[in-house]
$ cat model15.txt   # compact mmCIF, C-alpha atoms and all ligand atoms
# COMPACT_ATOMS: atom_id res chain seq x y z
CA MET A 1 11.76 19.30 5.10
CA LEU A 2 9.61 16.21 4.58
CA LEU A 3 8.40 15.47 1.05
CA VAL A 4 5.47 13.12 0.51
CA THR A 5 5.07 11.61 -2.97
CA GLY A 6 1.86 10.50 -4.63
CA VAL A 7 -0.50 12.84 -2.80
CA SER A 8 -3.28 12.47 -5.35
CA GLY A 9 -3.56 8.76 -4.56
CA ALA A 10 -5.86 7.28 -1.94
CA LEU A 11 -3.15 6.73 0.68
CA GLY A 12 -1.10 9.80 -0.22
CA SER A 13 -4.11 12.10 0.00
CA LEU A 14 -4.92 10.84 3.50
CA VAL A 15 -1.32 11.53 4.48
CA ALA A 16 -1.47 14.99 2.91
CA ASP A 17 -4.68 15.81 4.83
CA ARG A 18 -2.96 14.96 8.08
CA LEU A 19 0.02 17.18 7.29
CA ALA A 20 -1.93 20.14 5.89
CA GLY A 21 -0.55 23.53 6.81
CA ARG A 22 2.79 22.34 8.12
CA PRO A 23 5.55 24.62 6.87
CA ASP A 24 8.14 21.83 7.08
CA VAL A 25 6.22 19.55 4.68
CA ALA A 26 6.10 19.55 0.88
CA LEU A 27 3.63 17.53 -1.17
CA GLY A 28 4.49 15.95 -4.51
CA THR A 29 2.37 14.56 -7.31
CA ARG A 30 2.58 13.87 -11.03
CA ALA A 31 -0.23 16.31 -11.71
CA GLY A 32 1.73 19.29 -10.35
CA LEU A 33 -1.33 20.68 -8.56
CA PRO A 34 -1.21 24.15 -7.00
CA GLY A 35 0.80 24.11 -3.78
CA THR A 36 2.58 20.86 -4.70
CA ARG A 37 5.90 19.97 -6.27
CA ARG A 38 5.60 18.22 -9.61
CA LEU A 39 7.31 14.84 -9.56
CA ASP A 40 6.95 11.85 -11.82
CA PHE A 41 9.14 8.78 -11.39
CA ASP A 42 8.55 8.00 -15.07
CA ALA A 43 10.14 11.38 -15.88
CA PRO A 44 13.27 11.38 -13.68
CA GLY A 45 14.15 14.87 -14.91
CA THR A 46 11.39 16.19 -12.63
CA LEU A 47 13.02 14.79 -9.52
CA PRO A 48 16.09 16.97 -8.77
CA GLU A 49 13.95 20.09 -8.41
CA ALA A 50 11.21 18.22 -6.53
CA PHE A 51 13.70 16.76 -4.05
CA ALA A 52 15.70 19.95 -3.45
CA GLY A 53 16.09 20.69 0.27
CA VAL A 54 14.37 17.47 1.33
CA GLU A 55 15.71 15.64 4.38
CA THR A 56 13.04 12.96 4.66
CA LEU A 57 11.17 11.38 1.75
CA LEU A 58 7.93 9.50 2.27
CA LEU A 59 8.02 7.36 -0.88
CA VAL A 60 4.51 6.09 -1.60
CA SER A 61 4.94 3.05 -3.81
CA ALA A 62 3.95 3.64 -7.42
CA GLY A 63 2.87 0.10 -7.81
CA TYR A 64 0.60 -0.25 -10.79
CA GLY A 65 2.49 -1.76 -13.71
CA GLU A 66 4.74 -4.61 -14.74
CA ASP A 67 7.68 -5.28 -12.43
CA ASP A 68 10.19 -3.59 -14.73
CA THR A 69 8.06 -0.44 -14.82
CA VAL A 70 7.62 -0.25 -11.05
CA VAL A 71 11.27 -1.10 -10.32
CA ALA A 72 12.41 1.62 -12.74
CA ARG A 73 10.14 4.14 -10.98
CA HIS A 74 11.46 3.29 -7.56
CA GLU A 75 15.07 3.19 -8.76
CA ALA A 76 14.60 6.68 -10.22
CA ALA A 77 13.13 7.93 -6.95
CA ILE A 78 15.84 6.46 -4.71
CA SER A 79 18.72 7.49 -6.98
CA ALA A 80 17.36 11.02 -7.11
CA ALA A 81 16.95 11.04 -3.32
CA GLU A 82 20.58 9.99 -2.90
CA ALA A 83 21.76 12.62 -5.37
CA ALA A 84 19.72 15.32 -3.61
CA GLY A 85 21.19 14.49 -0.20
CA VAL A 86 17.97 13.11 1.29
CA ARG A 87 18.86 11.57 4.65
CA HIS A 88 15.96 9.19 5.29
CA VAL A 89 13.50 7.39 3.01
CA VAL A 90 10.27 5.96 4.44
CA TYR A 91 8.82 3.47 1.95
CA THR A 92 5.28 2.04 1.86
CA SER A 93 5.88 -1.62 1.07
CA LEU A 94 3.84 -4.83 1.25
CA SER A 95 3.43 -7.07 4.28
CA GLY A 96 5.80 -10.03 4.56
CA ASP A 97 2.91 -12.49 4.28
CA GLY A 98 2.30 -11.12 0.77
CA ASP A 99 5.28 -12.79 -0.84
CA HIS A 100 3.03 -14.98 -2.99
CA LEU A 101 1.35 -11.98 -4.55
CA ALA A 102 2.43 -11.20 -8.10
CA TYR A 103 3.21 -7.60 -7.12
CA ALA A 104 5.48 -8.51 -4.17
CA LEU A 105 8.65 -8.62 -6.26
CA ALA A 106 8.86 -4.89 -6.94
CA HIS A 107 8.32 -4.14 -3.24
CA ARG A 108 11.04 -6.56 -2.17
CA TRP A 109 13.39 -5.16 -4.83
CA THR A 110 12.81 -1.66 -3.46
CA GLU A 111 13.44 -2.81 0.10
CA ARG A 112 16.76 -4.35 -1.01
CA ARG A 113 17.68 -1.20 -2.90
CA LEU A 114 17.12 0.92 0.21
CA ARG A 115 19.03 -1.47 2.47
CA SER A 116 22.01 -1.32 0.14
CA SER A 117 22.06 2.46 -0.17
CA ALA A 118 25.35 3.94 0.96
CA SER A 119 23.82 7.26 1.90
CA VAL A 120 20.20 7.09 3.05
CA ASP A 121 18.64 5.72 6.20
CA TRP A 122 15.36 3.98 5.62
CA THR A 123 12.18 2.74 7.25
CA ILE A 124 10.03 0.11 5.57
CA LEU A 125 6.31 0.16 6.29
CA ARG A 126 5.10 -3.25 5.17
CA ASN A 127 1.45 -2.39 4.68
CA GLY A 128 -1.09 -5.20 4.71
CA LEU A 129 -3.84 -5.26 2.11
CA TYR A 130 -6.38 -2.50 2.65
CA ALA A 131 -9.90 -3.21 3.92
CA GLU A 132 -10.95 -0.89 1.09
CA PHE A 133 -9.17 -3.18 -1.40
CA LEU A 134 -11.70 -5.90 -0.51
CA THR A 135 -14.26 -3.87 -2.46
CA TRP A 136 -12.18 -4.55 -5.58
CA ILE A 137 -12.06 -8.26 -5.07
CA ALA A 138 -15.11 -9.13 -3.00
CA ALA A 139 -17.89 -6.66 -3.76
CA PRO A 140 -21.40 -8.07 -4.10
CA ASP A 141 -22.70 -8.44 -7.67
CA ALA A 142 -26.09 -7.32 -9.00
CA GLU A 143 -27.69 -10.38 -7.40
CA ASN A 144 -26.14 -9.50 -4.04
CA ARG A 145 -23.69 -12.42 -4.19
CA ILE A 146 -20.00 -12.26 -3.40
CA THR A 147 -18.39 -14.61 -5.90
CA GLY A 148 -14.70 -13.74 -5.53
CA PRO A 149 -12.78 -17.00 -5.00
CA LEU A 150 -11.60 -16.45 -1.46
CA GLY A 151 -12.48 -20.05 -0.57
CA GLY A 152 -12.42 -20.46 3.19
CA GLY A 153 -9.49 -18.08 3.46
CA ARG A 154 -9.36 -14.80 5.33
CA LEU A 155 -7.54 -11.53 4.97
CA ALA A 156 -6.02 -9.60 7.89
CA ALA A 157 -7.15 -6.39 6.25
CA VAL A 158 -6.13 -2.98 7.53
CA ALA A 159 -7.79 0.41 7.13
CA ARG A 160 -5.97 2.84 4.84
CA ALA A 161 -6.57 5.58 7.40
CA ASP A 162 -4.60 3.65 10.03
CA LEU A 163 -1.72 3.21 7.57
CA ALA A 164 -1.85 6.95 6.82
CA ASP A 165 -1.67 7.77 10.54
CA ILE A 166 1.38 5.53 10.88
CA ALA A 167 3.10 6.90 7.79
CA VAL A 168 2.68 10.42 9.20
CA SER A 169 3.93 9.54 12.63
CA VAL A 170 7.00 7.70 11.29
CA ALA A 171 7.88 10.19 8.55
CA THR A 172 7.65 13.20 10.88
CA ALA A 173 9.98 11.63 13.46
CA PRO A 174 12.07 9.22 11.39
CA ALA A 175 15.15 8.98 13.61
CA ALA A 176 13.34 6.69 16.05
CA HIS A 177 12.53 4.35 13.18
CA ARG A 178 15.93 4.30 11.48
CA ASN A 179 16.55 1.11 9.49
CA ARG A 180 13.46 -0.65 10.86
CA VAL A 181 10.97 -2.87 9.05
CA TYR A 182 7.39 -2.80 10.38
CA GLU A 183 4.69 -5.36 9.62
CA LEU A 184 1.31 -3.62 9.50
CA VAL A 185 -1.41 -6.22 9.07
CA GLY A 186 -4.86 -6.04 10.60
CA GLU A 187 -5.92 -7.76 13.78
CA ARG A 188 -9.22 -9.15 12.47
CA ALA A 189 -9.08 -11.55 9.55
CA LEU A 190 -12.11 -11.38 7.26
CA GLY A 191 -13.40 -14.15 5.00
CA GLY A 192 -16.01 -14.10 2.25
CA ALA A 193 -18.72 -15.34 4.63
CA ASP A 194 -17.98 -12.50 7.09
CA LEU A 195 -18.21 -9.92 4.31
CA ALA A 196 -21.47 -11.38 2.99
CA GLU A 197 -23.05 -11.54 6.44
CA ALA A 198 -22.21 -7.91 7.15
CA LEU A 199 -23.90 -6.83 3.92
CA GLY A 200 -26.84 -9.23 4.04
CA ALA A 201 -25.41 -10.84 0.90
CA THR A 202 -24.65 -14.44 -0.09
CA TYR A 203 -21.15 -15.86 -0.34
CA ALA A 204 -20.88 -18.10 -3.39
CA PRO A 205 -17.19 -18.27 -4.29
CA GLY A 206 -16.35 -19.18 -7.87
CA THR A 207 -13.15 -20.77 -9.08
CA LEU A 208 -9.84 -19.08 -9.74
CA ALA A 209 -10.23 -19.98 -13.41
CA ASP A 210 -13.62 -18.23 -13.55
CA ALA A 211 -12.22 -15.17 -11.80
CA ARG A 212 -9.18 -15.00 -14.06
CA ALA A 213 -11.37 -15.20 -17.16
CA ALA A 214 -13.76 -12.55 -15.80
CA ILE A 215 -10.90 -10.18 -14.94
CA ALA A 216 -9.37 -10.61 -18.40
CA ALA A 217 -12.76 -10.01 -20.04
CA SER A 218 -13.43 -6.90 -17.93
CA GLY A 219 -10.95 -4.78 -19.84
CA ALA A 220 -8.17 -5.18 -17.27
CA VAL A 221 -4.68 -4.52 -18.62
CA PRO A 222 -2.50 -7.66 -18.79
CA PHE A 223 -0.54 -7.17 -15.54
CA GLN A 224 -3.77 -6.80 -13.57
CA VAL A 225 -4.87 -10.36 -14.32
CA PRO A 226 -2.08 -12.12 -12.35
CA MET A 227 -2.18 -9.31 -9.79
CA LEU A 228 -5.79 -10.02 -8.87
CA ALA A 229 -5.68 -13.80 -9.42
CA SER A 230 -2.66 -14.14 -7.14
CA THR A 231 -4.45 -12.06 -4.51
CA TYR A 232 -7.41 -14.43 -4.52
CA SER A 233 -5.15 -17.45 -4.41
CA ALA A 234 -2.97 -16.18 -1.55
CA ILE A 235 -6.04 -15.34 0.55
CA ALA A 236 -7.91 -18.54 -0.33
CA HIS A 237 -4.94 -20.70 0.57
CA GLY A 238 -4.39 -19.18 3.96
CA PHE A 239 -1.34 -16.97 3.42
CA MET A 240 -2.93 -13.63 4.29
CA ASP A 241 -4.88 -14.19 7.50
CA GLY A 242 -2.25 -12.74 9.81
CA THR A 243 -1.32 -16.09 11.33
CA GLY A 244 2.28 -15.99 12.43
CA VAL A 245 2.74 -12.29 11.63
CA ALA A 246 3.99 -10.17 14.53
CA SER A 247 2.08 -7.06 13.55
CA ASP A 248 3.39 -3.67 14.63
CA LEU A 249 0.07 -2.01 13.79
CA ARG A 250 -1.21 -1.29 17.28
CA THR A 251 2.20 -0.23 18.58
CA LEU A 252 2.70 2.25 15.77
CA LEU A 253 -0.84 3.55 16.30
CA GLY A 254 0.39 4.58 19.74
CA GLY A 255 -1.50 1.75 21.41
CA ARG A 256 -4.92 2.73 20.12
CA GLU A 257 -7.39 0.25 18.69
CA PRO A 258 -7.07 -0.15 14.89
CA LEU A 259 -10.16 0.81 12.89
CA ASP A 260 -12.52 -2.12 12.38
CA ALA A 261 -11.72 -3.58 8.95
CA LEU A 262 -15.24 -4.97 8.50
CA ASP A 263 -16.81 -1.54 9.16
CA VAL A 264 -14.38 0.03 6.70
CA TYR A 265 -15.27 -2.57 4.04
CA VAL A 266 -19.04 -2.14 4.53
CA LYS A 267 -18.76 1.65 4.37
CA ALA A 268 -16.60 1.46 1.24
CA VAL A 269 -19.09 -0.87 -0.50
CA ARG A 270 -22.05 1.35 0.43
CA GLU A 271 -20.26 4.48 -0.80
CA GLY A 272 -19.56 2.66 -4.10
N1 LIG B 301 -1.97 -2.48 0.58
C1 LIG B 301 -2.91 -2.49 -0.37
O1 LIG B 301 -4.02 -3.04 -0.23
C2 LIG B 301 -2.66 -1.80 -1.67
C3 LIG B 301 -3.67 -1.78 -2.63
C4 LIG B 301 -3.44 -1.11 -3.80
C5 LIG B 301 -2.22 -0.51 -4.01
N2 LIG B 301 -1.25 -0.55 -3.07
C6 LIG B 301 0.08 0.08 -3.27
O2 LIG B 301 0.13 1.21 -2.42
C7 LIG B 301 0.27 2.42 -3.21
C8 LIG B 301 -0.61 3.47 -2.60
O3 LIG B 301 -1.93 2.95 -2.56
P1 LIG B 301 -3.17 3.84 -2.96
O4 LIG B 301 -4.36 3.15 -2.45
O5 LIG B 301 -2.92 5.26 -2.59
O6 LIG B 301 -3.12 3.71 -4.55
P2 LIG B 301 -3.68 4.76 -5.63
O7 LIG B 301 -4.80 5.58 -5.09
O8 LIG B 301 -3.95 4.03 -6.90
O9 LIG B 301 -2.44 5.71 -5.88
C9 LIG B 301 -1.41 5.33 -6.76
C10 LIG B 301 -0.19 6.08 -6.32
O10 LIG B 301 0.92 5.81 -7.17
C11 LIG B 301 1.55 7.06 -7.47
N3 LIG B 301 2.22 6.96 -8.75
C12 LIG B 301 1.86 6.22 -9.82
N4 LIG B 301 2.71 6.40 -10.83
C13 LIG B 301 3.65 7.29 -10.38
C14 LIG B 301 4.78 7.89 -10.98
N5 LIG B 301 5.12 7.61 -12.23
N6 LIG B 301 5.50 8.75 -10.24
C15 LIG B 301 5.15 9.05 -8.96
N7 LIG B 301 4.08 8.52 -8.34
C16 LIG B 301 3.34 7.65 -9.06
C17 LIG B 301 0.40 8.05 -7.50
O11 LIG B 301 0.89 9.32 -7.34
P3 LIG B 301 0.29 10.68 -8.02
O12 LIG B 301 -0.19 11.55 -6.89
O13 LIG B 301 1.47 11.28 -8.68
O14 LIG B 301 -0.80 10.29 -8.96
C18 LIG B 301 -0.42 7.55 -6.31
O15 LIG B 301 0.09 7.98 -5.08
C19 LIG B 301 -0.11 2.01 -4.64
O16 LIG B 301 0.57 2.81 -5.58
C20 LIG B 301 0.33 0.57 -4.67
O17 LIG B 301 1.73 0.48 -4.90
C21 LIG B 301 -1.46 -1.16 -1.89

$ encode --input "model15.txt" --output "structure tokens" --more "lines below"
Ligand SMILES: NC(=O)c1ccc[n+]([C@@H]2O[C@H](COP(=O)([O-])OP(=O)(O)OC[C@H]3O[C@@H](n4cnc5c(N)ncnc54)[C@H](OP(=O)(O)O)[C@@H]3O)[C@@H](O)[C@H]2O)c1
Amino acid sequence: MLLVTGVSGALGSLVADRLAGRPDVALGTRAGLPGTRRLDFDAPGTLPEAFAGVETLLLVSAGYGEDDTVVARHEAAISAAEAAGVRHVVYTSLSGDGDHLAYALAHRWTERRLRSSASVDWTILRNGLYAEFLTWIAAPDAENRITGPLGGGRLAAVARADLADIAVSVATAPAAHRNRVYELVGERALGGADLAEALGATYAPGTLADARAAIAASGAVPFQVPMLASTYSAIAHGFMDGTGVASDLRTLLGGREPLDALDVYVKAVREG
């Protein structure tokens, strides 16, 4: 039995769609929707029942929160998996080029925790930043200007759907991916000028200080301010453009072409 966590989320729901109807797959979510197992890493008491009979766990990172919150969630999930006799954990992590991002720490902690487990095999899917995520940080404003401070930097963005395809293919045949780390960054790096051109918008990047102040004033909770500011900074300063990353994306897609990140971004902006 494969159990997928977080199936109400954007990535988890794409994974769930791809696995629909399979009798050897269980779906888990905090909401406890019909046909799913209720599981909440913030309520570890829900986990023994949710993990019963599971051989492979696709652990979708529960990454919104301060480091101590996210680490505690992932510790609860992995401890419960060990206690339930889960044999293999597939974890959706963050690409290696993302180490300067404020939210990298909890991912790296989780990777270490899995590597040091005495009982579970693991596979780490180091997902690059989503093309869809660019709509959070580089959407055009009311005057059709993209002002996010990406500078002259670019992001090797990757479509969530491609990452869902890979998560499904790895989690349904995990033995071939035992104790492997995969880097899954996009093949086409996108900068602010590329995004603006595709939308017929103007690229007028502001400063990091302006962006930080605007994020704080937008009602963001405190951890989101460094999360987004560090994302701008890492992209602007050339850490996220895929240079020097040996991406496993195409190989794990079975050799097919990845979805075009610019098309995905444009579609996501137009759909709001
Ligand atoms: N690579 C990127 O660009 C990028 C961007 C944003 C986030 N991420 C990371 O990748 C993960 C999946 O991305 P996404 O786009 O699907 O994010 P999303 O739509 O916001 O989904 C958040 C996910 O976190 C799960 N979650 C939150 N708290 C949980 C808890 N206490 N116990 C169990 N599950 C919990 C949710 O599960 P439920 O079904 O239970 O609600 C859901 O699957 C995120 O959680 C985050 O760690 C990556």

$ residues_near_ligand --input "model15.txt" --ligand "ligand LIG 301 (chain B)" --cutoff "7 Å" --atoms "only C-alpha atoms and all ligand atoms" --output "list of chain:residue names"
A:Thr5, A:Gly6, A:Val7, A:Ser8, A:Gly9, A:Ala10, A:Leu11, A:Gly12, A:Gly28, A:Thr29, A:Arg30, A:Ala31, A:Leu39, A:Asp40, A:Phe41, A:Asp42, A:Val60, A:Ser61, A:Ala62, A:Gly63, A:Tyr64, A:Arg73, A:Thr92, A:Leu94, A:Asn127, A:Gly128, A:Leu129, A:Tyr130, A:Phe133

$ closest_atom_pairs --input "model15.txt" --of "segment 78-113 of chain A" --to "segment 242-247 of chain A" --cutoff "12 Å" --atoms "all atoms listed in the file" --output "Markdown table"
| residue | atom | partner | partner_atom | distance |
| --- | --- | --- | --- | --- |
| A:Ser95 | CA | A:Val245 | CA | 9.0 |
| A:Gly96 | CA | A:Val245 | CA | 8.0 |
| A:Asp97 | CA | A:Val245 | CA | 7.4 |
| A:Gly98 | CA | A:Gly242 | CA | 10.2 |

$ residues_around --input "model15.txt" --residues "Ala76 of chain A" --least-positions-apart "2" --cutoff "9 Å" --atoms "all atoms listed in the file" --output "ChimeraX atom specification"
/A:41-44,47,71-74,78-81

$ closest_residue --input "model15.txt" --among "A:Ala157, A:Ala171, A:Leu33, A:Ile137" --to "Met1 of chain A" --atoms "all atoms listed in the file"
A:Ala171

$ closest_residue --input "model15.txt" --among "A:Ala26, A:Ala211, A:Leu163, A:Leu190" --to "Ser93 of chain A" --atoms "all atoms listed in the file"
A:Leu163

$ axis_aligned_box --input "model15.txt" --around "segment 67-82 of chain A" --padding-each-side "4 Å" --output "lines of an AutoDock Vina configuration file"
center_x = 14.1
center_y = 2.9
center_z = -8.9
size_x = 21.0
size_y = 24.3
size_z = 19.9

$ closest_residue --input "model15.txt" --among "A:Ala16, A:Val70, A:Gly152, A:Ala83" --to "Glu49 of chain A" --atoms "only C-alpha atoms"
A:Ala83

$ closest_residue --input "model15.txt" --among "A:Asp194, A:Glu132, A:Glu183, A:Glu66" --to "Asp248 of chain A" --atoms "only C-alpha atoms"
A:Glu183

$ atom_distance --input "model15.txt" --atom1 "atom CA of Ala268 of chain A" --atom2 "atom CA of Ala131 of chain A"
8.6 Å

$ atom_distance --input "model15.txt" --atom1 "atom CA of Val266 of chain A" --atom2 "atom CA of Asp162 of chain A"
16.5 Å

$ atom_distance --input "model15.txt" --atom1 "atom CA of Val86 of chain A" --atom2 "atom CA of Leu58 of chain A"
10.7 Å

$ residues_around --input "model15.txt" --residues "Ala20 of chain A" --least-positions-apart "3" --cutoff "12 Å" --atoms "only C-alpha atoms" --output "list in words"
Val4, Val7, Ser13, Leu14, Val15, Ala16, Asp17, Pro23, Asp24, Val25, Ala26, Leu27, Gly35, Thr36 and Val168 of chain A

$ write_last_selection --input "model15.txt" --atoms "C-alpha atoms" --output "short mmCIF file (atom, residue, chain, number, x, y, z; two decimals), in the coordinates of the input"
data_model
loop_
_atom_site.label_atom_id
_atom_site.label_comp_id
_atom_site.auth_asym_id
_atom_site.auth_seq_id
_atom_site.Cartn_x
_atom_site.Cartn_y
_atom_site.Cartn_z
CA VAL A 4 5.47 13.12 0.51
CA VAL A 7 -0.50 12.84 -2.80
CA SER A 13 -4.11 12.10 0.00
CA LEU A 14 -4.92 10.84 3.50
CA VAL A 15 -1.32 11.53 4.48
CA ALA A 16 -1.47 14.99 2.91
CA ASP A 17 -4.68 15.81 4.83
CA PRO A 23 5.55 24.62 6.87
CA ASP A 24 8.14 21.83 7.08
CA VAL A 25 6.22 19.55 4.68
CA ALA A 26 6.10 19.55 0.88
CA LEU A 27 3.63 17.53 -1.17
CA GLY A 35 0.80 24.11 -3.78
CA THR A 36 2.58 20.86 -4.70
CA VAL A 168 2.68 10.42 9.20
#

$ closest_atom_pairs --input "model15.txt" --of "segment 220-241 of chain A" --to "segment 138-141 of chain A" --cutoff "12 Å" --atoms "all atoms listed in the file" --output "Markdown table"
| residue | atom | partner | partner_atom | distance |
| --- | --- | --- | --- | --- |
| A:Leu228 | CA | A:Ala138 | CA | 11.1 |
| A:Thr231 | CA | A:Ala138 | CA | 11.2 |
| A:Tyr232 | CA | A:Ala138 | CA | 9.5 |
| A:Ile235 | CA | A:Ala138 | CA | 11.6 |
